[in-house]
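See below for my_file03.cif, which holds mmCIF, N, CA and C atoms.
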data_structure
#
loop_
_atom_site.label_atom_id
_atom_site.label_comp_id
_atom_site.auth_asym_id
_atom_site.auth_seq_id
_atom_site.Cartn_x
_atom_site.Cartn_y
_atom_site.Cartn_z
N MET A 19 -24.97 -22.54 -8.10
CA MET A 19 -24.82 -23.06 -9.42
C MET A 19 -23.69 -24.08 -9.37
N ASN A 20 -23.99 -25.29 -9.78
CA ASN A 20 -23.00 -26.36 -9.76
C ASN A 20 -22.65 -26.75 -11.18
N SER A 21 -21.39 -26.62 -11.53
CA SER A 21 -20.91 -27.11 -12.81
C SER A 21 -20.66 -28.61 -12.67
N ILE A 22 -21.62 -29.41 -13.07
CA ILE A 22 -21.48 -30.85 -12.87
C ILE A 22 -20.36 -31.43 -13.71
N ASP A 23 -19.98 -30.76 -14.79
CA ASP A 23 -18.86 -31.24 -15.60
C ASP A 23 -17.53 -31.09 -14.85
N ASN A 24 -17.44 -30.10 -13.99
CA ASN A 24 -16.21 -29.85 -13.25
C ASN A 24 -16.22 -30.44 -11.84
N ASP A 25 -17.39 -30.83 -11.37
CA ASP A 25 -17.54 -31.29 -9.99
C ASP A 25 -16.62 -32.47 -9.70
N GLY A 26 -15.81 -32.34 -8.66
CA GLY A 26 -14.89 -33.39 -8.24
C GLY A 26 -13.60 -33.46 -9.03
N MET A 27 -13.45 -32.65 -10.07
CA MET A 27 -12.26 -32.69 -10.92
C MET A 27 -11.07 -31.94 -10.31
N MET A 28 -11.35 -30.97 -9.46
CA MET A 28 -10.32 -30.17 -8.79
C MET A 28 -9.39 -29.46 -9.77
N GLN A 29 -9.96 -29.00 -10.90
CA GLN A 29 -9.17 -28.30 -11.92
C GLN A 29 -9.67 -26.88 -12.14
N GLY A 30 -10.41 -26.37 -11.20
CA GLY A 30 -10.91 -25.00 -11.29
C GLY A 30 -12.38 -24.94 -11.63
N TYR A 31 -12.99 -23.84 -11.23
CA TYR A 31 -14.40 -23.59 -11.53
C TYR A 31 -14.58 -23.33 -13.02
N ASP A 32 -15.78 -23.51 -13.52
CA ASP A 32 -16.13 -23.12 -14.89
C ASP A 32 -16.41 -21.62 -14.84
N LEU A 33 -15.38 -20.83 -15.05
CA LEU A 33 -15.49 -19.38 -14.88
C LEU A 33 -16.41 -18.75 -15.91
N GLU A 34 -16.45 -19.27 -17.11
CA GLU A 34 -17.34 -18.70 -18.12
C GLU A 34 -18.80 -18.91 -17.72
N LEU A 35 -19.13 -20.10 -17.27
CA LEU A 35 -20.50 -20.36 -16.80
C LEU A 35 -20.82 -19.48 -15.60
N ALA A 36 -19.88 -19.34 -14.67
CA ALA A 36 -20.09 -18.51 -13.49
C ALA A 36 -20.33 -17.05 -13.89
N ARG A 37 -19.56 -16.55 -14.87
CA ARG A 37 -19.76 -15.17 -15.34
C ARG A 37 -21.15 -15.00 -15.95
N GLN A 38 -21.57 -15.98 -16.74
CA GLN A 38 -22.89 -15.89 -17.37
C GLN A 38 -24.00 -15.85 -16.33
N VAL A 39 -23.90 -16.68 -15.30
CA VAL A 39 -24.91 -16.67 -14.24
C VAL A 39 -24.88 -15.33 -13.52
N ARG A 40 -23.69 -14.84 -13.18
CA ARG A 40 -23.55 -13.57 -12.46
C ARG A 40 -24.15 -12.42 -13.27
N GLU A 41 -23.97 -12.41 -14.59
CA GLU A 41 -24.48 -11.34 -15.43
C GLU A 41 -26.00 -11.34 -15.53
N ARG A 42 -26.61 -12.48 -15.30
CA ARG A 42 -28.05 -12.62 -15.51
C ARG A 42 -28.90 -12.48 -14.26
N THR A 43 -28.26 -12.30 -13.11
CA THR A 43 -29.04 -12.16 -11.88
C THR A 43 -28.35 -11.25 -10.89
N THR A 44 -29.17 -10.61 -10.08
CA THR A 44 -28.62 -9.82 -8.97
C THR A 44 -28.82 -10.57 -7.65
N LEU A 45 -29.39 -11.76 -7.72
CA LEU A 45 -29.58 -12.58 -6.53
C LEU A 45 -28.24 -13.10 -6.02
N PRO A 46 -28.13 -13.33 -4.73
CA PRO A 46 -26.91 -13.97 -4.21
C PRO A 46 -26.76 -15.35 -4.84
N ILE A 47 -25.55 -15.70 -5.20
CA ILE A 47 -25.30 -17.02 -5.79
C ILE A 47 -24.11 -17.68 -5.10
N THR A 48 -24.13 -18.99 -5.13
CA THR A 48 -23.00 -19.78 -4.68
C THR A 48 -22.58 -20.65 -5.85
N ILE A 49 -21.29 -20.63 -6.15
CA ILE A 49 -20.73 -21.39 -7.27
C ILE A 49 -19.99 -22.59 -6.69
N LEU A 50 -20.18 -23.75 -7.28
CA LEU A 50 -19.43 -24.92 -6.88
C LEU A 50 -19.16 -25.80 -8.09
N GLY A 51 -18.20 -26.68 -7.89
CA GLY A 51 -17.83 -27.62 -8.93
C GLY A 51 -16.47 -27.30 -9.53
N GLY A 52 -15.42 -27.92 -8.99
CA GLY A 52 -14.11 -27.80 -9.62
C GLY A 52 -12.98 -27.24 -8.80
N ALA A 53 -13.25 -26.66 -7.63
CA ALA A 53 -12.17 -26.03 -6.86
C ALA A 53 -11.10 -27.04 -6.48
N GLY A 54 -9.85 -26.71 -6.82
CA GLY A 54 -8.73 -27.56 -6.45
C GLY A 54 -7.72 -26.85 -5.58
N SER A 55 -7.89 -25.54 -5.41
CA SER A 55 -6.96 -24.76 -4.60
C SER A 55 -7.65 -23.47 -4.15
N LEU A 56 -7.03 -22.82 -3.17
CA LEU A 56 -7.55 -21.51 -2.76
C LEU A 56 -7.39 -20.50 -3.89
N ASP A 57 -6.40 -20.68 -4.74
CA ASP A 57 -6.24 -19.79 -5.90
C ASP A 57 -7.43 -19.89 -6.84
N ASP A 58 -8.02 -21.08 -6.96
CA ASP A 58 -9.23 -21.22 -7.78
C ASP A 58 -10.36 -20.36 -7.21
N ILE A 59 -10.47 -20.32 -5.89
CA ILE A 59 -11.49 -19.47 -5.27
C ILE A 59 -11.18 -18.00 -5.57
N GLY A 60 -9.91 -17.62 -5.49
CA GLY A 60 -9.52 -16.25 -5.83
C GLY A 60 -9.85 -15.90 -7.26
N ARG A 61 -9.61 -16.81 -8.20
CA ARG A 61 -9.93 -16.56 -9.61
C ARG A 61 -11.44 -16.41 -9.80
N LEU A 62 -12.22 -17.19 -9.06
CA LEU A 62 -13.68 -17.06 -9.14
C LEU A 62 -14.12 -15.68 -8.67
N ILE A 63 -13.58 -15.23 -7.56
CA ILE A 63 -13.94 -13.91 -7.04
C ILE A 63 -13.48 -12.82 -7.99
N ASP A 64 -12.29 -12.97 -8.58
CA ASP A 64 -11.82 -12.01 -9.58
C ASP A 64 -12.79 -11.93 -10.76
N ALA A 65 -13.29 -13.08 -11.19
CA ALA A 65 -14.15 -13.14 -12.37
C ALA A 65 -15.56 -12.65 -12.11
N CYS A 66 -16.07 -12.88 -10.89
CA CYS A 66 -17.50 -12.65 -10.64
C CYS A 66 -17.80 -11.70 -9.50
N GLY A 67 -16.79 -11.18 -8.84
CA GLY A 67 -17.05 -10.38 -7.66
C GLY A 67 -17.32 -11.29 -6.47
N VAL A 68 -17.88 -10.71 -5.44
CA VAL A 68 -18.14 -11.49 -4.24
C VAL A 68 -19.32 -12.42 -4.49
N VAL A 69 -19.04 -13.70 -4.40
CA VAL A 69 -20.06 -14.74 -4.53
C VAL A 69 -19.75 -15.81 -3.48
N GLY A 70 -20.69 -16.67 -3.24
CA GLY A 70 -20.40 -17.82 -2.40
C GLY A 70 -19.55 -18.77 -3.21
N ALA A 71 -18.48 -19.24 -2.64
CA ALA A 71 -17.58 -20.18 -3.31
C ALA A 71 -17.57 -21.47 -2.50
N ALA A 72 -18.20 -22.50 -3.03
CA ALA A 72 -18.25 -23.77 -2.33
C ALA A 72 -17.17 -24.70 -2.87
N ALA A 73 -16.67 -25.55 -1.99
CA ALA A 73 -15.65 -26.52 -2.39
C ALA A 73 -15.77 -27.74 -1.49
N GLY A 74 -15.73 -28.89 -2.07
CA GLY A 74 -15.80 -30.12 -1.29
C GLY A 74 -14.49 -30.87 -1.30
N SER A 75 -14.12 -31.39 -2.47
CA SER A 75 -12.91 -32.21 -2.59
C SER A 75 -11.67 -31.46 -2.13
N LEU A 76 -11.62 -30.16 -2.36
CA LEU A 76 -10.47 -29.34 -1.95
C LEU A 76 -10.19 -29.50 -0.46
N PHE A 77 -11.23 -29.62 0.34
CA PHE A 77 -11.06 -29.69 1.78
C PHE A 77 -11.03 -31.11 2.32
N VAL A 78 -11.21 -32.09 1.46
CA VAL A 78 -11.29 -33.47 1.92
C VAL A 78 -10.11 -34.32 1.46
N PHE A 79 -9.78 -34.29 0.17
CA PHE A 79 -8.75 -35.18 -0.38
C PHE A 79 -7.38 -34.50 -0.36
N LYS A 80 -6.37 -35.19 0.20
CA LYS A 80 -5.04 -34.61 0.33
C LYS A 80 -3.97 -35.57 -0.18
N GLY A 81 -2.91 -35.00 -0.74
CA GLY A 81 -1.73 -35.76 -1.11
C GLY A 81 -1.86 -36.55 -2.39
N ALA A 82 -0.75 -37.21 -2.74
CA ALA A 82 -0.67 -37.97 -3.99
C ALA A 82 -1.68 -39.11 -4.04
N TYR A 83 -2.03 -39.64 -2.87
CA TYR A 83 -2.97 -40.76 -2.83
C TYR A 83 -4.39 -40.32 -2.55
N ARG A 84 -4.60 -38.99 -2.54
CA ARG A 84 -5.92 -38.41 -2.30
C ARG A 84 -6.56 -38.99 -1.04
N ALA A 85 -5.75 -39.04 0.00
CA ALA A 85 -6.23 -39.53 1.29
C ALA A 85 -7.30 -38.59 1.83
N VAL A 86 -8.25 -39.15 2.53
CA VAL A 86 -9.32 -38.35 3.12
C VAL A 86 -8.80 -37.71 4.40
N LEU A 87 -8.72 -36.40 4.38
CA LEU A 87 -8.26 -35.63 5.53
C LEU A 87 -8.95 -34.28 5.47
N ILE A 88 -9.94 -34.08 6.27
CA ILE A 88 -10.67 -32.81 6.24
C ILE A 88 -9.76 -31.72 6.78
N ASN A 89 -9.57 -30.67 5.97
CA ASN A 89 -8.59 -29.65 6.27
C ASN A 89 -9.07 -28.31 5.72
N TYR A 90 -9.48 -27.41 6.61
CA TYR A 90 -9.95 -26.09 6.19
C TYR A 90 -8.84 -25.08 6.42
N PRO A 91 -8.77 -24.04 5.56
CA PRO A 91 -7.76 -23.01 5.79
C PRO A 91 -8.07 -22.25 7.08
N ASN A 92 -7.02 -21.85 7.77
CA ASN A 92 -7.23 -21.09 9.00
C ASN A 92 -7.61 -19.64 8.66
N ARG A 93 -7.98 -18.89 9.67
CA ARG A 93 -8.47 -17.52 9.48
C ARG A 93 -7.43 -16.67 8.73
N ASP A 94 -6.15 -16.78 9.07
CA ASP A 94 -5.11 -15.99 8.42
C ASP A 94 -5.04 -16.28 6.92
N ARG A 95 -5.13 -17.56 6.52
CA ARG A 95 -5.11 -17.92 5.10
C ARG A 95 -6.31 -17.34 4.36
N LYS A 96 -7.49 -17.40 4.98
CA LYS A 96 -8.69 -16.85 4.34
C LYS A 96 -8.58 -15.33 4.20
N GLU A 97 -8.10 -14.67 5.24
CA GLU A 97 -7.95 -13.22 5.18
C GLU A 97 -6.90 -12.82 4.15
N ASP A 98 -5.81 -13.60 4.04
CA ASP A 98 -4.79 -13.35 3.03
C ASP A 98 -5.37 -13.47 1.63
N LEU A 99 -6.18 -14.49 1.40
CA LEU A 99 -6.83 -14.66 0.10
C LEU A 99 -7.69 -13.45 -0.23
N MET A 100 -8.47 -12.99 0.72
CA MET A 100 -9.35 -11.85 0.47
C MET A 100 -8.55 -10.58 0.23
N ARG A 101 -7.41 -10.40 0.94
CA ARG A 101 -6.56 -9.23 0.69
C ARG A 101 -5.98 -9.27 -0.72
N ARG A 102 -5.51 -10.45 -1.16
CA ARG A 102 -4.94 -10.57 -2.49
C ARG A 102 -5.98 -10.27 -3.56
N VAL A 103 -7.19 -10.75 -3.37
CA VAL A 103 -8.26 -10.50 -4.33
C VAL A 103 -8.63 -9.02 -4.34
N ALA A 104 -8.69 -8.38 -3.19
CA ALA A 104 -9.03 -6.97 -3.10
C ALA A 104 -8.00 -6.11 -3.82
N VAL A 105 -6.73 -6.48 -3.74
CA VAL A 105 -5.67 -5.72 -4.40
C VAL A 105 -5.84 -5.78 -5.91
N ARG A 106 -6.27 -6.94 -6.44
CA ARG A 106 -6.45 -7.11 -7.88
C ARG A 106 -7.72 -6.43 -8.39
N ALA A 107 -8.67 -6.17 -7.50
CA ALA A 107 -9.97 -5.62 -7.91
C ALA A 107 -9.87 -4.14 -8.26
#

Represent the structure of the file as structure tokens.
Amino acid sequence: MNSIDNDGMMQGYDLELARQVRERTTLPITILGGAGSLDDIGRLIDACGVVGAAAGSLFVFKGAYRAVLINYPNRDRKEDLMRRVAVRA
């Protein structure tokens, strides 16, 4: 599910739309559109449980000038995010 209103804005997922989709299906879903930080991914998981969380601009644009630099979090950062989310669940 792509929130086209939030896509590329890097101001967070449309959590209300994501909740509505999650409530209406038991199928696996991937949410995209709006991620600006790993915390946004954590908030999505808090709101909807385990879902696919896609992000484009978050991993491509860096710094004040939004320079193109592809940068993925390392394994430790991803595991830390999942631990923090699990503690809140």

Exercise. Give me, please, the distance in Å between atom N of Tyr31 of chain A and atom CA of Asp58 of chain A, quoted to one decimal.
Key: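 Rounded to one decimal, the two atoms are 5.7 Å apart.
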
Exercise. Write out as a list in words each polymer residue whose atoms come within 8 Å of Ser75 of chain A, counting all atoms listed in the file; drop sequence neighbours fewer than 5 positions from it.
Key: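 So the residues in contact are Asp25, Gly26, Met27, Met28, Gly52, Ala53, Gly54, Ser55 and Lys80 of chain A.
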
Exercise. Apply DSSP to the structure's backbone, then extract all residues of chain A labelled helix (DSSP H, G or I) and return them as an MDAnalysis selection string.
Key: chainID A and resid 33:42 56:66 75:78 93:106

Practice problem: Enumerate, as JSON, numbers by chain, the protein, DNA and RNA residues whose atoms approach (-24.8, -12.0, -5.3) to within 10 Å, taking into account only C-alpha atoms and the coordinate frame of the file. | Solution: {"A": [40, 43, 44, 45, 46, 47, 48, 66, 67, 68, 69, 70]}

Quiz item: What residues in chain A get the DSSP label strand (DSSP E or B)? Please answer as a ChimeraX atom specification.
Solution: /A:20,48-50,70-71,79-80,85-86

Quiz prompt | Top pick for closest residue to Leu50 of chain A, considering A:Asn89, A:Gln38, A:Gln29, A:Asn20 and counting only N, CA and C atoms | solution =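 Selected residue with least distance to Leu50 of chain A: A:Asn20.
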
Quiz prompt | Nearest-residue call for Pro91 of chain A, choices A:Glu34, A:Arg61, A:Ile49, A:Phe77, using all atoms listed in the file | solution = A:Phe77

Quiz prompt | Shortest interatomic distance to Ile59 of chain A - which of A:Ala71, A:Met19, A:Val78, A:Ile88, counting only N, CA and C atoms | solution = A:Ala71

Quiz prompt | Straight-line distance linking atom CA of Asp98 of chain A with atom C of Ala73 of chain A, stated in Å to one decimal | solution =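 Atom-to-atom, atom CA of Asp98 of chain A and atom C of Ala73 of chain A are spaced 18.7 Å apart.
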
Self-check item: Interatomic distance, atom CA of Glu97 of chain A to atom CA of Gly74 of chain A (Å, one decimal)
Solution: 19.7 Å

Practice problem: For each of A:Leu35, A:Gly51, A:Lys96, A:Ala104, take the minimum atom-to-atom distance to Ala72 of chain A, counting only C-alpha atoms, then give the residue where this is smallest. | Solution: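 Between A:Leu35, A:Gly51, A:Lys96, A:Ala104, the residue approaching Ala72 of chain A most closely is A:Gly51.
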
Could the centre and edge lengths of an axis-aligned box, enclosing all atoms of segment 79-86 of chain A in the file with 6 Å extra on each side, be given in Å to one decimal as JSON?
{"center_x": -5.2, "center_y": -37.5, "center_z": 0.2, "size_x": 21.1, "size_y": 18.5, "size_z": 20.4}

Self-check item: Nearest residue to Leu56 of chain A from the set A:Leu99, A:Ala82, A:Leu33, A:Leu87 (distances using only C-alpha atoms)
Solution: A:Leu99
